[in-house]
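Chemist: Once you've had a glance at the structure underneath, I'll fire off some questions.
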Amino acid sequence: MDINGRNFTKFLDRKRKYDKQNSKEAAEKQHSKGKLLAYERIEILFDKGSFEEIDAYVTPAFIEKGFGKMTSSYGDGVVIGHGLISGRLAFAYAQDFNVMGGSLGAVHAAKIQKIQNMALKMGAPLVGLIDSGGARIQEGVASLAGYAGIFFRNVQSSGVIPQISVIMGPAAGGAVYSPSITDFVFMVSKTSHMFVTGPNVVKEVLNEDVSFEDLGGADVHARKSGVANMIYDDEENTLLGVRKLLSYLPANNLENPPYLCPSDAEKDVEEKLRDIVPDDANKPYDVKDVINLIFDKGSFYEISELYAQNIVIGFGRLNGKTIGVVANQPKVLAGTLDINSSMKSARFVRFCDSFNIPILALEDVPGFLPGVDQEHSGIIRHGAKLLYAFADATVPRITVILRKSYGGAYCVMNSKNLGGDFNYAWPTAEIAVMGPEGAVAILYRKELAESEDPAKLKKELAAKYRNEIANPYIADEKGFIDEVIDPAVTRKKLISAFDALENKHVNVPSRKHGNIPL
């Protein structure tokens, strides 16, 4: 072929036409909304110059005239390809709102399915950058079939490769279900929205006026619904957050998480840990102070920070190794487990177990949140999800009881008999069927009723119960925990214990899968 001949001219013509789709006008249109072009997003997500695009010149399916406006643009509104993120292979698709509103038709869907197949085959993470008006109406059932094919591949890849969805504009109707199946959902404050039915439908059906932001904005999904795991103020920081998250994760379920050499300045003994838990068992403290002193400095990356804040989940590094942490938060609802915190932490435990990430439980839980609303909404079933997730996990699992460990919540938070590998307690731990005040109210009901000063007697009996029944040394002596440890050596103990568990192997019964109480 003559490189300067007709075929090469056509090659250059196509390239010029494709480049024109990302014109200055198109960029200004997106930028005016506080949004970036699909290619600009990819440039931030991937290492510089490493992204290789696939299927750039495909065109939309042919639709008979008279059924909506179509365009002859290349790419059909989505960019797909592979590249390196922090030097490691990753795949991605990025919907282009400037091409038919990023709507999903048959060809658009086929491109996403192709990159899903490639990511699964190569055993590498898949990141979806979503900015779409939804199903392409003029393509009818072909659009719906395209969504279903994407959902199917999400499920096939679940637990095999990490899947991350980044909502960078609208995601409506069927478009929301792919993100909900993936492992983590990022949203951008003020410019991204997710909802099954939009404000217009809500107005028509329920006669309620609601804005896009109030119905399905990032803050709503990060705080109320729990659909979004992370939100950031702008697109650049959102994409940098995705890069940071991936730095903790293995490429697939057959690999171990990446190792990052710790600083020489890390201290294995931290005396500040002795002073965090108050002497008064009813006073709160911030469990994140414990987490940050145990993990390598600055390594803790919290997940779902704004949702169900009575439990803290996230990734950190312990002597350079990725660890998933589940920690009761005494600052919020006294650290009790409720429906939302149970579901939040159960899903996180399942993710860690899928991807060979050891789990650390930091426990300070007075029980499950009481109340008619919790009971009627199914706290029994939802609380059982966390129990199931811990019991089913085969990765290394360690618990440290910081303070309260009462009742069924003691069992659920990775107790020894639930399969915890190492279970430690601080001297401040209280392990019992229920709290001292509740216990003495039942055990000494008659004595309290006959006492001249029932408040004083109850306080004395509660102190006795705390010292003689709930103290951790009894659990230690009976083998329900492995050791009562000095809080200052917690990090050192955990490093040693996780190293000992590095080659842990569990033979599980042969089965298709268990039936978690969904």
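Labels for the structure tokens follow display order: chains A, B, ..., residues from 1 in each chain, ligands from 1.
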Can you list, as a PyMOL selection string, every residue of region 225-428 of chain A that DSSP puts in helix (DSSP H, G or I)?

Modeler: chain A and resi 225+235-246+271-275+287-294+333-335+339-354+372-376+379-392+407-412+416-418

Chemist: Can you write out the residues you just picked, keeping C-alpha atoms, as an mmCIF file, in the first residue's frame?

Modeler:
data_model
loop_
_atom_site.group_PDB
_atom_site.id
_atom_site.type_symbol
_atom_site.label_atom_id
_atom_site.label_comp_id
_atom_site.auth_asym_id
_atom_site.auth_seq_id
_atom_site.Cartn_x
_atom_site.Cartn_y
_atom_site.Cartn_z
ATOM 1 C CA SER A 225 -28.913 5.647 50.918
ATOM 2 C CA GLU A 235 -13.804 15.388 39.081
ATOM 3 C CA GLU A 236 -10.024 15.543 39.330
ATOM 4 C CA ASN A 237 -9.953 14.645 43.019
ATOM 5 C CA THR A 238 -12.574 11.952 42.431
ATOM 6 C CA LEU A 239 -10.361 10.256 39.846
ATOM 7 C CA LEU A 240 -7.297 10.623 42.078
ATOM 8 C CA GLY A 241 -9.377 8.930 44.796
ATOM 9 C CA VAL A 242 -9.964 5.989 42.445
ATOM 10 C CA ARG A 243 -6.225 5.736 41.830
ATOM 11 C CA LYS A 244 -5.611 5.736 45.584
ATOM 12 C CA LEU A 245 -8.203 3.025 46.225
ATOM 13 C CA LEU A 246 -6.701 0.780 43.545
ATOM 14 C CA GLU A 271 2.181 4.445 74.250
ATOM 15 C CA LYS A 272 -0.535 6.917 73.180
ATOM 16 C CA LEU A 273 -2.850 3.927 72.700
ATOM 17 C CA ARG A 274 -2.988 3.487 76.482
ATOM 18 C CA ASP A 275 -4.736 6.827 76.923
ATOM 19 C CA VAL A 287 -11.917 4.914 67.158
ATOM 20 C CA LYS A 288 -10.133 6.512 64.183
ATOM 21 C CA ASP A 289 -7.473 7.661 66.655
ATOM 22 C CA VAL A 290 -6.834 3.991 67.410
ATOM 23 C CA ILE A 291 -6.804 3.060 63.721
ATOM 24 C CA ASN A 292 -4.331 5.787 62.784
ATOM 25 C CA LEU A 293 -1.927 4.817 65.575
ATOM 26 C CA ILE A 294 -2.031 1.113 64.667
ATOM 27 C CA LEU A 333 -24.897 5.809 68.621
ATOM 28 C CA ALA A 334 -22.436 4.556 71.262
ATOM 29 C CA GLY A 335 -21.020 2.187 68.631
ATOM 30 C CA ILE A 339 -29.368 -2.110 60.164
ATOM 31 C CA ASN A 340 -27.283 0.279 58.077
ATOM 32 C CA SER A 341 -23.982 -0.357 59.843
ATOM 33 C CA SER A 342 -24.513 -4.124 59.641
ATOM 34 C CA MET A 343 -25.090 -4.005 55.884
ATOM 35 C CA LYS A 344 -22.245 -1.555 55.309
ATOM 36 C CA SER A 345 -19.692 -3.667 57.138
ATOM 37 C CA ALA A 346 -20.981 -7.028 55.869
ATOM 38 C CA ARG A 347 -20.488 -5.996 52.248
ATOM 39 C CA PHE A 348 -17.006 -4.723 53.064
ATOM 40 C CA VAL A 349 -16.049 -7.994 54.774
ATOM 41 C CA ARG A 350 -17.295 -9.922 51.724
ATOM 42 C CA PHE A 351 -15.165 -7.740 49.440
ATOM 43 C CA CYS A 352 -12.037 -8.267 51.542
ATOM 44 C CA ASP A 353 -12.596 -12.012 51.594
ATOM 45 C CA SER A 354 -13.061 -12.073 47.808
ATOM 46 C CA VAL A 372 -39.466 -0.729 67.369
ATOM 47 C CA ASP A 373 -38.260 0.791 64.096
ATOM 48 C CA GLN A 374 -35.132 -1.374 64.014
ATOM 49 C CA GLU A 375 -37.043 -4.558 64.869
ATOM 50 C CA HIS A 376 -39.822 -3.923 62.373
ATOM 51 C CA ILE A 379 -32.495 -5.836 62.353
ATOM 52 C CA ILE A 380 -32.473 -9.596 62.954
ATOM 53 C CA ARG A 381 -32.002 -10.380 59.264
ATOM 54 C CA HIS A 382 -29.691 -7.460 58.518
ATOM 55 C CA GLY A 383 -27.550 -8.027 61.598
ATOM 56 C CA ALA A 384 -27.204 -11.652 60.518
ATOM 57 C CA LYS A 385 -25.557 -10.449 57.304
ATOM 58 C CA LEU A 386 -22.497 -9.287 59.242
ATOM 59 C CA LEU A 387 -22.445 -12.487 61.263
ATOM 60 C CA TYR A 388 -22.630 -14.512 58.049
ATOM 61 C CA ALA A 389 -19.955 -12.442 56.316
ATOM 62 C CA PHE A 390 -17.428 -12.913 59.118
ATOM 63 C CA ALA A 391 -18.198 -16.615 59.581
ATOM 64 C CA ASP A 392 -17.916 -17.255 55.846
ATOM 65 C CA GLY A 407 -24.369 -10.024 73.950
ATOM 66 C CA GLY A 408 -25.006 -11.087 70.382
ATOM 67 C CA ALA A 409 -22.797 -8.255 69.144
ATOM 68 C CA TYR A 410 -19.848 -10.008 70.861
ATOM 69 C CA CYS A 411 -20.538 -13.055 68.698
ATOM 70 C CA VAL A 412 -21.064 -11.090 65.489
ATOM 71 C CA LYS A 416 -13.280 -16.724 68.472
ATOM 72 C CA ASN A 417 -16.107 -19.205 68.014
ATOM 73 C CA LEU A 418 -17.168 -17.488 64.792
#

Chemist: Can you list every residue in region 237-462 of chain A that DSSP puts in strand (DSSP E or B), as a ChimeraX atom specification?

Modeler: /A:301-303,311-318,321-328,337,359-365,368,397-406,422-425,430-432

Chemist: Just write the chosen residues, C-alpha atoms, as a PDB file, in the first residue's frame.

Modeler:
ATOM      1  CA  TYR A 301      -8.311   5.147  53.552  1.00  0.00           C
ATOM      2  CA  GLU A 302     -11.880   5.206  54.849  1.00  0.00           C
ATOM      3  CA  ILE A 303     -14.777   3.783  52.840  1.00  0.00           C
ATOM      4  CA  ILE A 311     -19.121   1.748  62.224  1.00  0.00           C
ATOM      5  CA  VAL A 312     -15.866   2.610  60.454  1.00  0.00           C
ATOM      6  CA  ILE A 313     -14.560   0.589  57.509  1.00  0.00           C
ATOM      7  CA  GLY A 314     -11.606   1.076  55.221  1.00  0.00           C
ATOM      8  CA  PHE A 315      -8.163  -0.019  54.113  1.00  0.00           C
ATOM      9  CA  GLY A 316      -4.873   0.614  55.802  1.00  0.00           C
ATOM     10  CA  ARG A 317      -1.356  -0.744  55.659  1.00  0.00           C
ATOM     11  CA  LEU A 318       0.255  -2.663  58.467  1.00  0.00           C
ATOM     12  CA  LYS A 321       0.589  -4.882  53.807  1.00  0.00           C
ATOM     13  CA  THR A 322      -3.041  -4.036  52.981  1.00  0.00           C
ATOM     14  CA  ILE A 323      -5.503  -4.785  55.795  1.00  0.00           C
ATOM     15  CA  GLY A 324      -9.268  -4.193  55.821  1.00  0.00           C
ATOM     16  CA  VAL A 325     -10.563  -2.775  59.102  1.00  0.00           C
ATOM     17  CA  VAL A 326     -14.058  -2.922  60.632  1.00  0.00           C
ATOM     18  CA  ALA A 327     -14.320  -0.800  63.789  1.00  0.00           C
ATOM     19  CA  ASN A 328     -17.235   0.157  66.022  1.00  0.00           C
ATOM     20  CA  LEU A 337     -24.845  -2.099  65.477  1.00  0.00           C
ATOM     21  CA  ILE A 359      -9.469  -8.316  58.161  1.00  0.00           C
ATOM     22  CA  LEU A 360      -8.982  -6.547  61.491  1.00  0.00           C
ATOM     23  CA  ALA A 361     -12.010  -5.988  63.750  1.00  0.00           C
ATOM     24  CA  LEU A 362     -11.664  -3.303  66.436  1.00  0.00           C
ATOM     25  CA  GLU A 363     -14.513  -3.897  68.842  1.00  0.00           C
ATOM     26  CA  ASP A 364     -16.337  -1.593  71.209  1.00  0.00           C
ATOM     27  CA  VAL A 365     -19.986  -2.524  70.885  1.00  0.00           C
ATOM     28  CA  PHE A 368     -27.588  -4.006  68.652  1.00  0.00           C
ATOM     29  CA  ARG A 397      -9.170 -12.500  60.712  1.00  0.00           C
ATOM     30  CA  ILE A 398      -8.109 -10.815  63.940  1.00  0.00           C
ATOM     31  CA  THR A 399     -10.197  -9.047  66.588  1.00  0.00           C
ATOM     32  CA  VAL A 400      -9.058  -6.616  69.267  1.00  0.00           C
ATOM     33  CA  ILE A 401     -11.682  -5.845  71.924  1.00  0.00           C
ATOM     34  CA  LEU A 402     -11.015  -2.267  72.985  1.00  0.00           C
ATOM     35  CA  ARG A 403     -13.833  -1.867  75.493  1.00  0.00           C
ATOM     36  CA  LYS A 404     -17.439  -3.130  75.354  1.00  0.00           C
ATOM     37  CA  SER A 405     -18.301  -6.501  73.898  1.00  0.00           C
ATOM     38  CA  TYR A 406     -21.812  -7.427  74.923  1.00  0.00           C
ATOM     39  CA  PHE A 422      -6.518 -14.393  66.868  1.00  0.00           C
ATOM     40  CA  ASN A 423      -8.666 -12.541  69.381  1.00  0.00           C
ATOM     41  CA  TYR A 424      -7.067 -10.050  71.735  1.00  0.00           C
ATOM     42  CA  ALA A 425      -8.457  -7.699  74.373  1.00  0.00           C
ATOM     43  CA  GLU A 430     -15.782  -5.663  79.152  1.00  0.00           C
ATOM     44  CA  ILE A 431     -17.041  -9.012  77.833  1.00  0.00           C
ATOM     45  CA  ALA A 432     -20.447 -10.190  78.998  1.00  0.00           C
TER      46      ALA A 432
END

Chemist: Take CA of Ser299 (chain A) and CA of Glu266 (chain A) and report the distance between them in Å, one decimal.

Modeler: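 Pair CA of Ser299 (chain A) / CA of Glu266 (chain A) returns 11.6 Å.
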
Chemist: Which residues come within 10 Å of Ala228 (chain A), counting only C-alpha atoms, excluding same-chain residues fewer than 2 positions away, as a PDB file with N, CA and C atoms, in the first residue's frame?

Modeler:
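Output below, filename out-v9.pdb:
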ATOM      1  N   SER A 165     -17.224   1.973  39.894  1.00  0.00           N
ATOM      2  CA  SER A 165     -18.056   2.869  39.100  1.00  0.00           C
ATOM      3  C   SER A 165     -17.857   4.304  39.581  1.00  0.00           C
ATOM      4  N   VAL A 166     -17.680   5.220  38.635  1.00  0.00           N
ATOM      5  CA  VAL A 166     -17.482   6.631  38.957  1.00  0.00           C
ATOM      6  C   VAL A 166     -18.587   7.425  38.262  1.00  0.00           C
ATOM      7  N   ILE A 167     -19.525   7.932  39.037  1.00  0.00           N
ATOM      8  CA  ILE A 167     -20.646   8.677  38.481  1.00  0.00           C
ATOM      9  C   ILE A 167     -20.209  10.128  38.287  1.00  0.00           C
ATOM     10  N   PRO A 179     -23.650   0.183  38.371  1.00  0.00           N
ATOM     11  CA  PRO A 179     -22.873   0.676  39.517  1.00  0.00           C
ATOM     12  C   PRO A 179     -23.217  -0.033  40.824  1.00  0.00           C
ATOM     13  N   SER A 180     -24.496  -0.321  41.034  1.00  0.00           N
ATOM     14  CA  SER A 180     -24.894  -0.929  42.306  1.00  0.00           C
ATOM     15  C   SER A 180     -24.359  -2.347  42.470  1.00  0.00           C
ATOM     16  N   PHE A 184     -17.340  -0.641  44.321  1.00  0.00           N
ATOM     17  CA  PHE A 184     -17.284   0.694  44.917  1.00  0.00           C
ATOM     18  C   PHE A 184     -17.872   1.716  43.958  1.00  0.00           C
ATOM     19  N   VAL A 185     -18.572   2.695  44.523  1.00  0.00           N
ATOM     20  CA  VAL A 185     -19.188   3.758  43.736  1.00  0.00           C
ATOM     21  C   VAL A 185     -18.657   5.105  44.217  1.00  0.00           C
ATOM     22  N   PHE A 186     -18.090   5.870  43.289  1.00  0.00           N
ATOM     23  CA  PHE A 186     -17.638   7.244  43.550  1.00  0.00           C
ATOM     24  C   PHE A 186     -18.639   8.197  42.913  1.00  0.00           C
ATOM     25  N   MET A 187     -18.874   9.340  43.558  1.00  0.00           N
ATOM     26  CA  MET A 187     -19.706  10.382  42.972  1.00  0.00           C
ATOM     27  C   MET A 187     -19.031  11.737  43.149  1.00  0.00           C
ATOM     28  N   VAL A 188     -19.412  12.671  42.267  1.00  0.00           N
ATOM     29  CA  VAL A 188     -18.880  14.031  42.317  1.00  0.00           C
ATOM     30  C   VAL A 188     -19.963  14.949  42.861  1.00  0.00           C
ATOM     31  N   MET A 194     -27.867  10.011  40.657  1.00  0.00           N
ATOM     32  CA  MET A 194     -28.339   8.655  40.402  1.00  0.00           C
ATOM     33  C   MET A 194     -29.779   8.532  40.896  1.00  0.00           C
ATOM     34  N   GLY A 217     -28.638  13.194  44.419  1.00  0.00           N
ATOM     35  CA  GLY A 217     -27.310  13.805  44.393  1.00  0.00           C
ATOM     36  C   GLY A 217     -26.292  13.010  45.193  1.00  0.00           C
ATOM     37  N   ALA A 218     -25.040  13.402  45.053  1.00  0.00           N
ATOM     38  CA  ALA A 218     -23.947  12.683  45.717  1.00  0.00           C
ATOM     39  C   ALA A 218     -24.112  12.664  47.234  1.00  0.00           C
ATOM     40  N   ASP A 219     -24.517  13.799  47.807  1.00  0.00           N
ATOM     41  CA  ASP A 219     -24.650  13.869  49.264  1.00  0.00           C
ATOM     42  C   ASP A 219     -25.755  12.943  49.770  1.00  0.00           C
ATOM     43  N   VAL A 220     -26.848  12.856  49.018  1.00  0.00           N
ATOM     44  CA  VAL A 220     -27.949  11.961  49.379  1.00  0.00           C
ATOM     45  C   VAL A 220     -27.467  10.513  49.412  1.00  0.00           C
ATOM     46  N   HIS A 221     -26.735  10.118  48.379  1.00  0.00           N
ATOM     47  CA  HIS A 221     -26.310   8.716  48.289  1.00  0.00           C
ATOM     48  C   HIS A 221     -25.138   8.389  49.207  1.00  0.00           C
ATOM     49  N   ALA A 222     -24.367   9.392  49.580  1.00  0.00           N
ATOM     50  CA  ALA A 222     -23.251   9.152  50.500  1.00  0.00           C
ATOM     51  C   ALA A 222     -23.717   9.106  51.950  1.00  0.00           C
ATOM     52  N   ARG A 223     -24.757   9.884  52.290  1.00  0.00           N
ATOM     53  CA  ARG A 223     -25.204   9.981  53.676  1.00  0.00           C
ATOM     54  C   ARG A 223     -26.450   9.154  53.995  1.00  0.00           C
ATOM     55  N   LYS A 224     -27.405   9.118  53.067  1.00  0.00           N
ATOM     56  CA  LYS A 224     -28.701   8.523  53.380  1.00  0.00           C
ATOM     57  C   LYS A 224     -28.895   7.122  52.816  1.00  0.00           C
ATOM     58  N   SER A 225     -28.647   6.951  51.530  1.00  0.00           N
ATOM     59  CA  SER A 225     -28.913   5.647  50.918  1.00  0.00           C
ATOM     60  C   SER A 225     -27.741   4.689  51.055  1.00  0.00           C
ATOM     61  N   GLY A 226     -26.531   5.225  51.144  1.00  0.00           N
ATOM     62  CA  GLY A 226     -25.347   4.377  51.214  1.00  0.00           C
ATOM     63  C   GLY A 226     -24.918   3.838  49.863  1.00  0.00           C
ATOM     64  N   MET A 230     -17.799   6.934  48.145  1.00  0.00           N
ATOM     65  CA  MET A 230     -16.938   8.095  48.279  1.00  0.00           C
ATOM     66  C   MET A 230     -17.465   9.248  47.428  1.00  0.00           C
ATOM     67  N   ILE A 231     -17.417  10.456  47.972  1.00  0.00           N
ATOM     68  CA  ILE A 231     -17.735  11.641  47.173  1.00  0.00           C
ATOM     69  C   ILE A 231     -16.598  12.652  47.313  1.00  0.00           C
ATOM     70  N   ILE A 303     -13.735   4.062  53.821  1.00  0.00           N
ATOM     71  CA  ILE A 303     -14.777   3.783  52.840  1.00  0.00           C
ATOM     72  C   ILE A 303     -16.133   4.132  53.461  1.00  0.00           C
ATOM     73  N   SER A 304     -17.019   4.730  52.677  1.00  0.00           N
ATOM     74  CA  SER A 304     -18.373   5.079  53.148  1.00  0.00           C
ATOM     75  C   SER A 304     -18.328   5.877  54.451  1.00  0.00           C
ATOM     76  N   LEU A 306     -19.410   8.804  55.322  1.00  0.00           N
ATOM     77  CA  LEU A 306     -20.563   9.602  55.731  1.00  0.00           C
ATOM     78  C   LEU A 306     -21.803   8.771  56.031  1.00  0.00           C
ATOM     79  N   TYR A 307     -21.768   7.494  55.737  1.00  0.00           N
ATOM     80  CA  TYR A 307     -22.939   6.626  55.889  1.00  0.00           C
ATOM     81  C   TYR A 307     -22.750   5.688  57.079  1.00  0.00           C
TER      82      TYR A 307
END

Chemist: Residues near Asn503 (chain A), anyone? I mean within 12 Å using only C-alpha atoms, not counting same-chain ones fewer than 2 positions away, as a list in words.

Modeler: Asn256, Asn356, Pro358, Thr394, Val395, Pro396, Ala497, Phe498, Asp499, Ala500, Leu501, His505 and Val506 of chain A
